[in-house]
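Enquirer: This is work.csv (CSV, C-alpha atoms).
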chain,number,residue,atom,x,y,z
A,1,MET,CA,59.9,113.8,74.6
A,2,SER,CA,62.0,116.7,73.6
A,3,ASN,CA,63.0,117.2,70.0
A,4,ASP,CA,65.9,119.4,71.0
A,5,LYS,CA,68.9,117.7,69.5
A,6,LYS,CA,71.3,118.9,72.1
A,7,SER,CA,69.4,117.5,75.1
A,8,GLU,CA,68.7,114.2,73.4
A,9,ASN,CA,71.2,111.4,74.1
A,10,LYS,CA,71.7,109.8,70.7
A,11,ASP,CA,73.5,106.9,72.2
A,12,THR,CA,73.3,104.0,69.8
A,13,GLN,CA,73.0,101.3,72.5
A,14,TRP,CA,75.0,98.7,70.6
A,15,PRO,CA,74.4,95.0,71.4
A,16,LEU,CA,75.8,93.7,74.7
A,17,TRP,CA,78.6,91.2,74.6
A,18,GLU,CA,79.9,88.9,77.4
A,19,VAL,CA,83.6,88.8,77.7
A,20,PHE,CA,85.6,85.6,78.8
A,21,THR,CA,89.3,85.7,79.5
A,22,GLN,CA,91.7,82.8,79.5
A,23,PRO,CA,94.3,83.7,82.1
A,24,ARG,CA,97.0,81.3,81.0
A,25,ASP,CA,97.5,78.7,78.3
A,26,GLY,CA,95.7,75.5,79.2
A,27,LYS,CA,93.3,77.3,81.7
A,28,PRO,CA,89.6,77.5,81.1
A,29,HIS,CA,88.0,80.8,79.9
A,30,GLN,CA,86.4,82.8,82.7
A,31,HIS,CA,83.7,85.4,82.6
A,32,ALA,CA,85.2,88.8,83.1
A,33,GLY,CA,82.3,91.2,82.4
A,34,SER,CA,80.4,92.7,79.5
A,35,LEU,CA,80.5,95.6,77.1
A,36,HIS,CA,78.6,97.1,74.2
A,37,ALA,CA,80.0,97.0,70.7
A,38,PRO,CA,78.6,97.2,67.2
A,39,ASP,CA,80.2,93.9,66.0
A,40,ALA,CA,82.3,91.0,67.1
A,41,GLU,CA,85.6,92.5,65.9
A,42,LYS,CA,85.1,95.7,67.8
A,43,ALA,CA,83.9,93.8,70.8
A,44,LEU,CA,87.2,91.9,70.8
A,45,GLU,CA,89.2,95.1,70.6
A,46,ASN,CA,87.2,96.8,73.4
A,47,ALA,CA,87.5,93.6,75.5
A,48,ARG,CA,91.3,93.8,75.1
A,49,ASP,CA,91.3,97.4,76.1
A,50,VAL,CA,89.0,97.1,79.1
A,51,TYR,CA,89.6,93.6,80.5
A,52,ALA,CA,93.1,92.7,79.5
A,53,ARG,CA,95.2,95.8,80.1
A,54,ARG,CA,97.4,94.0,82.6
A,55,LYS,CA,98.1,90.7,80.9
A,56,GLU,CA,94.9,89.2,82.4
A,57,ALA,CA,94.5,87.0,79.3
A,58,VAL,CA,96.2,85.0,76.6
A,59,ASN,CA,93.0,84.6,74.8
A,60,LEU,CA,89.6,86.2,74.7
A,61,TRP,CA,86.1,85.1,73.8
A,62,VAL,CA,83.2,87.5,73.2
A,63,VAL,CA,79.7,86.2,73.0
A,64,PRO,CA,76.5,88.1,72.2
A,65,SER,CA,74.8,88.2,75.6
A,66,GLU,CA,71.4,87.3,74.2
A,67,GLU,CA,72.9,84.1,72.8
A,68,ILE,CA,73.7,82.8,76.3
A,69,VAL,CA,71.2,80.4,77.7
A,70,ALA,CA,71.4,79.8,81.4
A,71,SER,CA,69.7,77.6,84.0
A,72,LYS,CA,67.5,79.4,86.4
A,73,GLY,CA,69.0,80.5,89.7
A,74,GLU,CA,65.9,79.8,91.8
A,75,ASP,CA,65.7,76.1,90.7
A,76,ALA,CA,69.4,75.4,91.1
A,77,GLY,CA,68.6,72.7,93.6
A,78,PRO,CA,66.0,70.6,91.8
A,79,PHE,CA,67.7,71.1,88.4
A,80,PHE,CA,70.9,69.5,89.6
A,81,ASP,CA,69.3,67.0,91.9
A,82,PRO,CA,70.0,63.8,89.8
A,83,ALA,CA,73.6,64.2,90.8
A,84,ASP,CA,72.7,63.1,94.3
A,85,ASP,CA,71.2,59.7,93.1
A,86,LYS,CA,74.3,58.5,91.4
A,87,PRO,CA,77.0,58.1,94.0
A,88,TYR,CA,78.5,55.3,91.9
A,89,ARG,CA,79.8,58.0,89.6
A,90,HIS,CA,82.4,58.9,92.2
A,91,PRO,CA,85.5,56.8,92.9
A,92,GLN,CA,84.8,57.0,96.7
A,93,PHE,CA,81.8,54.6,96.1
A,94,TYR,CA,84.1,51.7,95.4
A,95,ASP,CA,85.8,49.4,97.9
A,96,VAL,CA,89.1,48.0,96.9
A,97,PRO,CA,91.4,45.8,98.9
A,98,ARG,CA,93.2,47.8,101.6
A,99,SER,CA,96.6,46.8,100.7
A,100,THR,CA,96.3,48.4,97.3
A,101,LYS,CA,95.1,51.7,98.6
A,102,ARG,CA,98.2,53.6,99.7
A,103,ARG,CA,101.0,52.4,97.5
A,104,SER,CA,103.7,54.9,97.0
Y,1,MET,CA,52.2,85.6,105.5
Y,2,SER,CA,51.9,86.9,102.0
Y,3,GLU,CA,54.0,85.4,99.2
Y,4,GLU,CA,55.9,88.6,98.9
Y,5,SER,CA,57.0,88.8,102.5
Y,6,THR,CA,57.9,85.1,102.4
Y,7,ASN,CA,60.3,85.9,99.5
Y,8,LYS,CA,61.7,88.8,101.4
Y,9,LYS,CA,62.5,86.6,104.4
Y,10,THR,CA,64.3,84.1,102.3
Y,11,PHE,CA,66.3,86.9,100.7
Y,12,GLN,CA,67.3,88.3,104.1
Y,13,GLU,CA,68.3,84.7,105.2
Y,14,ARG,CA,70.5,84.3,102.2
Y,15,ILE,CA,72.2,87.7,102.9
Y,16,ASP,CA,72.7,86.7,106.6
Y,17,ASN,CA,74.3,83.4,105.5
Y,18,GLY,CA,76.8,85.4,103.5
Y,19,GLU,CA,75.4,84.1,100.2
Y,20,THR,CA,76.1,86.1,97.0
Y,21,ILE,CA,73.1,87.4,95.1
Y,22,GLU,CA,73.3,87.0,91.3
Y,23,PRO,CA,71.5,88.9,88.6
Y,24,LYS,CA,68.7,86.4,88.0
Y,25,ASP,CA,68.0,85.7,91.6
Y,26,ASP,CA,64.9,87.0,93.3
Y,27,MET,CA,65.6,90.2,95.1
Y,28,PRO,CA,63.4,92.9,96.8
Y,29,ASP,CA,62.7,95.7,94.5
Y,30,ARG,CA,64.2,98.1,97.0
Y,31,TYR,CA,67.5,96.2,97.0
Y,32,ARG,CA,67.6,96.4,93.2
Y,33,GLN,CA,66.8,100.1,93.2
Y,34,GLN,CA,69.3,100.9,95.9
Y,35,LEU,CA,72.0,99.0,94.0
Y,36,ILE,CA,71.2,100.7,90.7
Y,37,ARG,CA,71.4,104.1,92.4
Y,38,MET,CA,74.6,103.3,94.2
Y,39,MET,CA,76.4,101.5,91.3
Y,40,SER,CA,75.5,104.0,88.6
Y,41,GLN,CA,76.6,106.8,90.9
Y,42,HIS,CA,79.8,105.0,91.4
Y,43,ALA,CA,80.2,104.6,87.6
Y,44,HIS,CA,79.5,108.3,87.0
Y,45,SER,CA,82.2,109.2,89.6
Y,46,GLU,CA,84.8,107.2,87.8
Y,47,VAL,CA,84.0,108.8,84.5
Y,48,VAL,CA,83.7,112.4,85.9
Y,49,GLY,CA,86.9,111.7,87.9
Y,50,MET,CA,88.8,111.7,84.6
Y,51,LEU,CA,88.2,115.4,84.2
Y,52,PRO,CA,90.3,117.0,86.9
Y,53,GLU,CA,93.3,114.9,86.1
Y,54,GLY,CA,92.9,114.7,82.3
Y,55,ASN,CA,93.3,118.5,82.6
Y,56,TRP,CA,97.0,117.9,83.4
Y,57,ILE,CA,98.1,115.3,80.9
Y,58,THR,CA,99.5,117.9,78.5
Y,59,ARG,CA,101.3,119.6,81.3
Y,60,ALA,CA,102.9,116.6,83.0
Y,61,PRO,CA,106.5,117.5,84.1
Y,62,SER,CA,108.1,114.5,82.5
Y,63,LEU,CA,107.4,111.8,80.0
Y,64,ARG,CA,107.3,109.2,82.8
Y,65,ARG,CA,104.7,111.2,84.6
Y,66,LYS,CA,102.7,111.7,81.4
Y,67,MET,CA,102.6,108.0,80.7
Y,68,ILE,CA,101.5,107.2,84.2
Y,69,LEU,CA,98.8,109.8,84.2
Y,70,LEU,CA,97.5,108.6,80.8
Y,71,SER,CA,97.3,105.1,82.1
Y,72,LYS,CA,95.6,106.2,85.3
Y,73,VAL,CA,93.0,108.2,83.4
Y,74,GLN,CA,92.4,105.2,81.1
Y,75,ASP,CA,91.9,103.0,84.1
Y,76,GLU,CA,89.2,105.3,85.4
Y,77,ALA,CA,87.3,105.0,82.1
Y,78,GLY,CA,87.7,101.2,82.5
Y,79,HIS,CA,86.3,101.4,86.0
Y,80,GLY,CA,83.3,103.3,84.8
Y,81,LEU,CA,82.7,100.7,82.2
Y,82,TYR,CA,83.0,97.7,84.6
Y,83,LEU,CA,80.5,99.5,86.8
Y,84,TYR,CA,78.0,100.5,84.1
Y,85,SER,CA,78.1,96.8,82.9
Y,86,ALA,CA,77.5,95.6,86.4
Y,87,THR,CA,74.6,98.0,86.8
Y,88,GLU,CA,73.1,96.7,83.6
Y,89,THR,CA,72.8,93.3,85.1
Y,90,LEU,CA,70.1,94.7,87.3
Y,91,GLY,CA,68.0,95.7,84.4
Y,92,ALA,CA,69.0,99.3,84.1
Y,93,SER,CA,69.9,100.3,80.5
Y,94,ARG,CA,73.2,102.1,79.9
Y,95,LYS,CA,71.4,104.8,78.0
Y,96,GLU,CA,69.0,105.4,80.9
Y,97,VAL,CA,71.7,105.7,83.6
Y,98,ILE,CA,73.9,108.0,81.5
Y,99,ASN,CA,71.0,110.2,80.7
Y,100,GLN,CA,70.3,110.6,84.4
Y,101,LEU,CA,73.8,111.9,84.8
Y,102,LEU,CA,73.7,114.2,81.7
Y,103,GLU,CA,70.4,115.6,82.9
Y,104,GLY,CA,71.8,116.3,86.3
Y,105,LYS,CA,69.4,113.8,88.1
Y,106,ALA,CA,72.1,111.4,89.2
Y,107,LYS,CA,74.9,112.3,91.6
Y,108,TYR,CA,78.6,111.6,91.4
Y,109,SER,CA,81.3,111.9,94.1
Y,110,SER,CA,81.5,115.5,95.4
Y,111,ILE,CA,85.3,115.3,95.5
Y,112,PHE,CA,85.4,115.9,91.7
Y,113,ASN,CA,83.8,119.3,92.0
Y,114,TYR,CA,87.1,120.8,93.4
Y,115,PRO,CA,89.6,122.4,91.0
Y,116,THR,CA,93.1,121.1,90.3
Y,117,LEU,CA,95.2,124.2,90.7
Y,118,SER,CA,98.7,122.9,90.4
Y,119,TRP,CA,100.6,119.7,89.4
Y,120,ALA,CA,100.9,118.9,93.1
Y,121,ASP,CA,97.1,118.3,93.1
Y,122,VAL,CA,97.6,115.4,90.7
Y,123,ALA,CA,99.9,113.8,93.3
Y,124,VAL,CA,97.6,114.5,96.2
Y,125,ILE,CA,94.5,113.2,94.3
Y,126,GLY,CA,96.4,109.9,93.7
Y,127,TRP,CA,97.4,109.7,97.3
Y,128,LEU,CA,94.3,110.9,99.2
Y,129,VAL,CA,91.4,110.5,96.8
Y,130,ASP,CA,92.4,107.1,95.4
Y,131,GLY,CA,93.5,106.2,98.9
Y,132,ALA,CA,90.0,106.9,100.2
Y,133,ALA,CA,88.5,105.1,97.2
Y,134,ILE,CA,90.5,101.9,98.0
Y,135,ILE,CA,89.2,101.8,101.6
Y,136,ASN,CA,85.7,102.1,100.4
Y,137,GLN,CA,86.1,99.7,97.5
Y,138,THR,CA,87.9,97.0,99.5
Y,139,MET,CA,84.8,96.9,101.6
Y,140,LEU,CA,82.5,96.8,98.5
Y,141,ALA,CA,84.5,93.9,97.1
Y,142,ARG,CA,82.7,91.8,99.8
Y,143,SER,CA,79.4,93.2,98.8
Y,144,SER,CA,76.4,90.8,98.6
Y,145,TYR,CA,75.7,91.5,94.9
Y,146,GLY,CA,78.0,89.3,92.8
Y,147,PRO,CA,78.6,91.5,89.8
Y,148,TYR,CA,79.3,94.6,92.0
Y,149,SER,CA,81.8,92.7,94.2
Y,150,ARG,CA,83.6,91.2,91.2
Y,151,ALA,CA,83.9,94.6,89.5
Y,152,MET,CA,85.4,95.9,92.8
Y,153,VAL,CA,88.0,93.2,93.0
Y,154,ARG,CA,89.3,94.2,89.6
Y,155,ILE,CA,89.1,97.9,90.4
Y,156,CYS,CA,91.0,97.5,93.7
Y,157,LYS,CA,93.9,95.9,91.9
Y,158,GLU,CA,94.2,98.9,89.6
Y,159,GLU,CA,93.4,101.5,92.3
Y,160,SER,CA,96.4,100.5,94.3
Y,161,PHE,CA,98.6,101.5,91.4
Y,162,HIS,CA,96.8,104.9,91.4
Y,163,LYS,CA,97.4,105.4,95.1
Y,164,LYS,CA,101.0,104.3,95.0
Y,165,GLN,CA,102.0,106.5,92.1
Y,166,GLY,CA,100.4,109.4,93.9
Y,167,TYR,CA,102.2,108.8,97.2
Y,168,GLU,CA,105.5,108.4,95.3
Y,169,MET,CA,105.0,111.8,93.8
Y,170,VAL,CA,103.9,113.3,97.1
Y,171,ALA,CA,107.1,111.9,98.8
Y,172,GLN,CA,109.3,113.2,96.0
Y,173,MET,CA,107.8,116.7,96.2
Y,174,ALA,CA,108.0,116.7,100.0
Y,175,ASP,CA,111.6,115.9,99.6
Y,176,GLY,CA,112.2,118.4,96.8
Y,177,THR,CA,113.0,122.2,96.6
Y,178,SER,CA,111.3,124.5,99.0
Y,179,GLU,CA,109.0,125.6,96.2
Y,180,GLN,CA,108.0,122.0,95.6
Y,181,GLN,CA,107.5,121.5,99.3
Y,182,GLU,CA,105.2,124.5,99.5
Y,183,MET,CA,103.2,123.3,96.5
Y,184,ILE,CA,102.6,119.9,97.9
Y,185,GLN,CA,101.7,121.2,101.4
Y,186,ASP,CA,99.3,123.6,99.7
Y,187,ALA,CA,97.7,120.8,97.8
Y,188,VAL,CA,97.3,118.7,101.0
Y,189,ASP,CA,95.8,121.7,102.8
Y,190,ARG,CA,93.1,122.1,100.0
Y,191,TRP,CA,92.3,118.4,99.5
Y,192,TRP,CA,92.4,117.0,103.1
Y,193,TRP,CA,88.9,118.0,104.2
Y,194,PRO,CA,87.1,117.3,100.9
Y,195,THR,CA,88.6,113.8,100.9
Y,196,LEU,CA,87.3,113.2,104.4
Y,197,MET,CA,83.9,114.2,103.1
Y,198,MET,CA,84.1,111.5,100.4
Y,199,PHE,CA,82.9,108.9,103.0
Y,200,GLY,CA,79.6,110.7,103.2
Y,201,PRO,CA,77.6,112.2,106.1
Y,202,HIS,CA,78.0,111.1,109.8
Y,203,ASP,CA,76.4,107.7,110.5
Y,204,GLU,CA,73.4,109.3,112.2
Y,205,ASP,CA,72.8,111.6,109.1
Y,206,SER,CA,73.2,108.9,106.5
Y,207,PRO,CA,69.8,107.7,105.4
Y,208,ASN,CA,70.9,104.7,103.3
Y,209,SER,CA,73.7,103.2,105.4
Y,210,GLU,CA,71.6,101.1,107.8
Y,211,GLU,CA,69.7,99.5,104.9
Y,212,LEU,CA,72.8,98.9,102.9
Y,213,ILE,CA,74.5,97.2,105.8
Y,214,LYS,CA,71.5,95.1,106.6
Y,215,TRP,CA,71.6,93.8,103.0
Y,216,GLY,CA,75.3,93.2,103.1
Y,217,VAL,CA,76.0,95.8,100.3
Y,218,LYS,CA,78.2,97.6,102.8
Y,219,SER,CA,79.9,96.1,105.8
Y,220,LYS,CA,81.2,99.2,107.5
Y,221,THR,CA,79.7,102.6,108.3
Y,222,ASN,CA,80.8,105.9,106.8
Y,223,ASP,CA,82.4,106.9,110.1
Y,224,GLU,CA,84.3,103.6,110.5
Y,225,LEU,CA,85.7,103.9,106.9
Y,226,ARG,CA,86.6,107.6,107.5
Y,227,GLN,CA,88.5,106.6,110.7
Y,228,SER,CA,90.6,104.0,108.9
Y,229,PHE,CA,91.4,106.5,106.2
Y,230,VAL,CA,92.6,109.0,108.7
Y,231,ASP,CA,94.7,106.5,110.7
Y,232,ARG,CA,96.5,105.4,107.6
Y,233,HIS,CA,97.0,108.7,105.9
Y,234,VAL,CA,98.1,110.7,108.9
Y,235,GLN,CA,100.9,108.2,109.3
Y,236,GLU,CA,101.8,108.5,105.7
Y,237,ALA,CA,101.8,112.3,105.8
Y,238,HIS,CA,104.1,112.3,108.8
Y,239,THR,CA,106.4,109.8,107.2
Y,240,VAL,CA,107.2,112.3,104.4
Y,241,GLY,CA,107.1,115.4,106.7
Y,242,LEU,CA,103.8,116.9,105.7
Y,243,GLU,CA,101.3,118.6,108.0
Y,244,ILE,CA,97.6,117.7,108.2
Y,245,PRO,CA,95.6,120.9,108.2
Y,246,ASP,CA,93.6,120.1,111.3
Y,247,PRO,CA,94.5,121.8,114.7
Y,248,ASP,CA,92.4,119.2,116.5
Y,249,LEU,CA,94.2,116.2,115.2
Y,250,GLU,CA,95.5,114.1,118.1
Y,251,TYR,CA,96.6,110.6,118.7
Y,252,ASN,CA,94.6,108.6,121.2
Y,253,GLU,CA,97.0,106.2,122.9
Y,254,GLU,CA,94.1,104.2,124.4
Y,255,THR,CA,92.1,103.6,121.2
Y,256,GLY,CA,95.1,103.6,118.9
Y,257,HIS,CA,93.2,106.0,116.6
Y,258,TRP,CA,93.8,109.6,115.4
Y,259,GLU,CA,91.0,111.9,116.6
Y,260,PHE,CA,90.2,114.6,114.2
Y,261,GLY,CA,88.3,117.9,114.1
Y,262,GLU,CA,84.7,118.5,112.9
Y,263,ILE,CA,84.1,118.4,109.1
Y,264,ASP,CA,82.4,121.5,107.6
Y,265,TRP,CA,79.1,119.8,106.8
Y,266,ASP,CA,77.6,123.0,105.3
Y,267,GLU,CA,80.3,122.9,102.7
Y,268,PHE,CA,79.6,119.2,102.1
Y,269,TRP,CA,75.9,119.6,101.5
Y,270,ASN,CA,76.4,122.7,99.4
Y,271,VAL,CA,78.7,120.8,97.0
Y,272,VAL,CA,76.4,117.7,97.0
Y,273,LYS,CA,73.6,120.0,96.0
Y,274,GLY,CA,75.5,121.2,93.0
Y,275,ASN,CA,77.0,124.5,94.3
Y,276,GLY,CA,80.7,123.3,94.6
Y,277,PRO,CA,83.4,125.3,92.9
Y,278,MET,CA,83.5,123.1,89.7
Y,279,ASN,CA,80.0,121.4,89.5
Y,280,LYS,CA,78.9,123.4,86.5
Y,281,GLN,CA,82.2,123.1,84.6
Y,282,ARG,CA,82.3,119.3,85.2
Y,283,MET,CA,78.8,118.7,83.9
Y,284,LYS,CA,79.4,120.9,80.9
Y,285,ALA,CA,82.6,119.1,80.0
Y,286,ARG,CA,80.9,115.7,80.5
Y,287,ARG,CA,78.0,116.7,78.3
Y,288,GLU,CA,80.3,118.1,75.6
Y,289,ALA,CA,82.4,114.9,75.7
Y,290,HIS,CA,79.2,112.9,75.1
Y,291,GLU,CA,78.0,115.1,72.2
Y,292,ASN,CA,81.4,115.4,70.6
Y,293,GLY,CA,81.9,111.7,70.7
Y,294,GLU,CA,78.7,111.1,68.7
Y,295,TRP,CA,80.5,110.9,65.4
Y,296,VAL,CA,82.8,108.2,66.8
Y,297,ARG,CA,79.8,106.0,67.8
Y,298,GLU,CA,78.2,106.6,64.4
Y,299,ALA,CA,81.4,105.8,62.5
Y,300,ALA,CA,81.9,102.6,64.5
Y,301,GLU,CA,78.3,101.6,63.7
Y,302,GLU,CA,78.7,102.4,60.0
Y,303,TYR,CA,82.0,100.5,59.8
Y,304,ALA,CA,80.4,97.4,61.4
Y,305,ARG,CA,77.5,97.7,58.9
Y,306,LYS,CA,79.9,97.8,55.9
Y,307,GLN,CA,82.0,95.0,57.2
Y,308,LYS,CA,78.9,92.8,57.6
Y,309,LEU,CA,77.8,93.7,54.0
Y,310,SER,CA,81.1,92.9,52.4
Y,311,LYS,CA,81.2,89.6,54.3
Y,312,GLU,CA,77.7,88.7,53.1
Y,313,LYS,CA,78.8,89.5,49.5
Y,314,ALA,CA,81.9,87.4,49.7
Y,315,SER,CA,80.0,84.3,50.9
As structure tokens, please, write out the structure in this file.
Expert:
Amino acid sequence: MSNDKKSENKDTQWPLWEVFTQPRDGKPHQHAGSLHAPDAEKALENARDVYARRKEAVNLWVVPSEEIVASKGEDAGPFFDPADDKPYRHPQFYDVPRSTKRRS
Amino acid sequence: MSEESTNKKTFQERIDNGETIEPKDDMPDRYRQQLIRMMSQHAHSEVVGMLPEGNWITRAPSLRRKMILLSKVQDEAGHGLYLYSATETLGASRKEVINQLLEGKAKYSSIFNYPTLSWADVAVIGWLVDGAAIINQTMLARSSYGPYSRAMVRICKEESFHKKQGYEMVAQMADGTSEQQEMIQDAVDRWWWPTLMMFGPHDEDSPNSEELIKWGVKSKTNDELRQSFVDRHVQEAHTVGLEIPDPDLEYNEETGHWEFGEIDWDEFWNVVKGNGPMNKQRMKARREAHENGEWVREAAEEYARKQKLSKEKAS
């Protein structure tokens, strides 16, 4: 390691934040990307400058990346399996008298 | 079959099925490394690309052109950031990849090692260089790696503004005074060949292409991309009455493509190896920007620390 101040990159490596943009009122927030910032306030400002320069958002969320807990990609199948056993959760499961079906 | 090769097979099957690979998915180490190399190089190119144009912000010929150029240069910074963030999803740290650039270990697009001699160069960079970037990036928007392809979708939307403002300026100058016409033709003469080099070596001399195509990172070869660039831009040049500086340029009625002359590959490799006209200046400017920006980073950190303290006191 060099002690030469000039050659050393004294980058602070601020915490990483995930940015979510809400494209329009009433729409869900969507992941847009991430950025580094020293605190939430600056993260919001940076997110506006980077991910919302062209009216991509009416609202922004910033979340510390390390706070996000995600399911594992490789066990996507088994993890969501129970959904398959419960067809009765879907309206298609139920039979109703024909005559009531297509009333306009 | 070893466990490792079983994993590799599944990975290739996923790619062949057109599935998108996400950061936490299993991936061969080589795929990860190739993507880190390619994406960080792309990020560096966006950031270094601000230098030749930033040079002209103070000398823009009108307020309109100045506003446009400011926005464009700001976009390039944003593109760099999208790409650095996407690279980080592969486990590379921002500090690490930026250090590789500052220490001269990482490459960036050789096009930015050419000087911008007149205002017409700003027009031609928008038209040709950003035009070339769009062709490359439209393909990468279908890349197999999710974060890369999503960053590209966003970049392409902004890049089309860059190309269009450039072509508008090119058209205006080509339709201007004889002095303006000479300026713009001169800029086209200087930038045409370096832009063709942006797509990289011939397919047979491109060591990474085959692997990147196999993994669905790229879907077209360097030569295919170069051809579609030539077809589109020759047409656009002729529309505004500009000449392409290539005596061998000829339209092939049968294939529907413009055939063009041989690229000076000695010049290409020379610039790639760091001996282009502006390599040293660009790296010097980039290093100085990083060092001179240090106080801003320190100030932001200190401000955040004080804000946090005063919030704690208040509660």
Enquirer: I'd like the contact shell of Gly33 in chain A - 10 Å cut-off, all atoms listed in the file, skipping same-chain residues fewer than 2 positions apart - returned as a VMD selection string.
Expert: (chain A and resid 17 to 21 30 to 31 35 47 50 to 51 62) or (chain Y and resid 81 to 83 85 to 86 147 150 to 151)
Enquirer: Can you check which parts of chain A lie within 6 Å of chain Y? Per residue, the shortest pair of atoms and distance in Å to one decimal, counting all atoms listed in the file, sorted by chain and number, as CSV.
Expert:
residue,atom,partner,partner_atom,distance
A:Ser34,CA,Y:Ser85,CA,5.8
A:Pro38,CA,Y:Glu301,CA,5.6
A:Asp39,CA,Y:Ala304,CA,5.8
A:Val50,CA,Y:Gly78,CA,5.5
A:Gly73,CA,Y:Asp25,CA,5.6
Enquirer: Just the selected residues (C-alpha atoms), exported as a PDB file, keeping the file's coordinate frame, please.
Expert:
ATOM      1  CA  SER A  34      80.400  92.700  79.500  1.00  0.00           C
ATOM      2  CA  PRO A  38      78.600  97.200  67.200  1.00  0.00           C
ATOM      3  CA  ASP A  39      80.200  93.900  66.000  1.00  0.00           C
ATOM      4  CA  VAL A  50      89.000  97.100  79.100  1.00  0.00           C
ATOM      5  CA  GLY A  73      69.000  80.500  89.700  1.00  0.00           C
TER       6      GLY A  73
END
Enquirer: For Met38 in chain Y, work out the shell of residues within 10 Å, counting all atoms listed in the file and skipping chain neighbours fewer than 4 positions away, then give it as JSON, numbers by chain.
Expert: {"Y": [32, 33, 34, 42, 43, 87, 106, 107, 108, 208, 212, 217]}
Enquirer: Could you write out that same residue set with C-alpha atoms as a compact mmCIF listing (two decimals), keeping the file's coordinate frame?
Expert:
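Writing done, so here's again_18.txt:
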# COMPACT_ATOMS: atom_id res chain seq x y z
CA ARG Y 32 67.60 96.40 93.20
CA GLN Y 33 66.80 100.10 93.20
CA GLN Y 34 69.30 100.90 95.90
CA HIS Y 42 79.80 105.00 91.40
CA ALA Y 43 80.20 104.60 87.60
CA THR Y 87 74.60 98.00 86.80
CA ALA Y 106 72.10 111.40 89.20
CA LYS Y 107 74.90 112.30 91.60
CA TYR Y 108 78.60 111.60 91.40
CA ASN Y 208 70.90 104.70 103.30
CA LEU Y 212 72.80 98.90 102.90
CA VAL Y 217 76.00 95.80 100.30
Enquirer: Hey, can you check how far CA of Glu204 in chain Y sits from CA of Gln227 in chain Y?
Expert: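 CA of Glu204 in chain Y sits 15.4 Å away from CA of Gln227 in chain Y.
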Enquirer: Could you give me, as a tab-separated table (two decimals) with C-alpha atoms, in the frame of the given file, the residues within 12 Å of Gly256 in chain Y, counting all atoms listed in the file and dropping anything in the same chain fewer than 6 positions from it?
Expert:
chain	number	residue	atom	x	y	z
Y	227	GLN	CA	88.50	106.60	110.70
Y	228	SER	CA	90.60	104.00	108.90
Y	230	VAL	CA	92.60	109.00	108.70
Y	231	ASP	CA	94.70	106.50	110.70
Y	232	ARG	CA	96.50	105.40	107.60
Y	250	GLU	CA	95.50	114.10	118.10
Enquirer: CA of Glu259 in chain Y to CA of Pro247 in chain Y: how many Å, to one decimal?
Expert: 10.7 Å
Enquirer: Using all atoms listed in the file, which residues sit within 8 Å of range 11-16 of chain Y once same-chain residues fewer than 6 positions away are excluded, as a list in words?
Expert: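 Near neighbours after the sequence-gap exclusion: Asp26, Met27, Pro28, Ser144, Trp215 and Gly216 of chain Y.
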Enquirer: Rank nothing, just name the residue among A:Gln13, A:Ala83, A:Val58, A:Ala52 nearest to His36 in chain A, using only C-alpha atoms.
Expert: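 Ranking A:Gln13, A:Ala83, A:Val58, A:Ala52 by distance to His36 in chain A, first place goes to A:Gln13.
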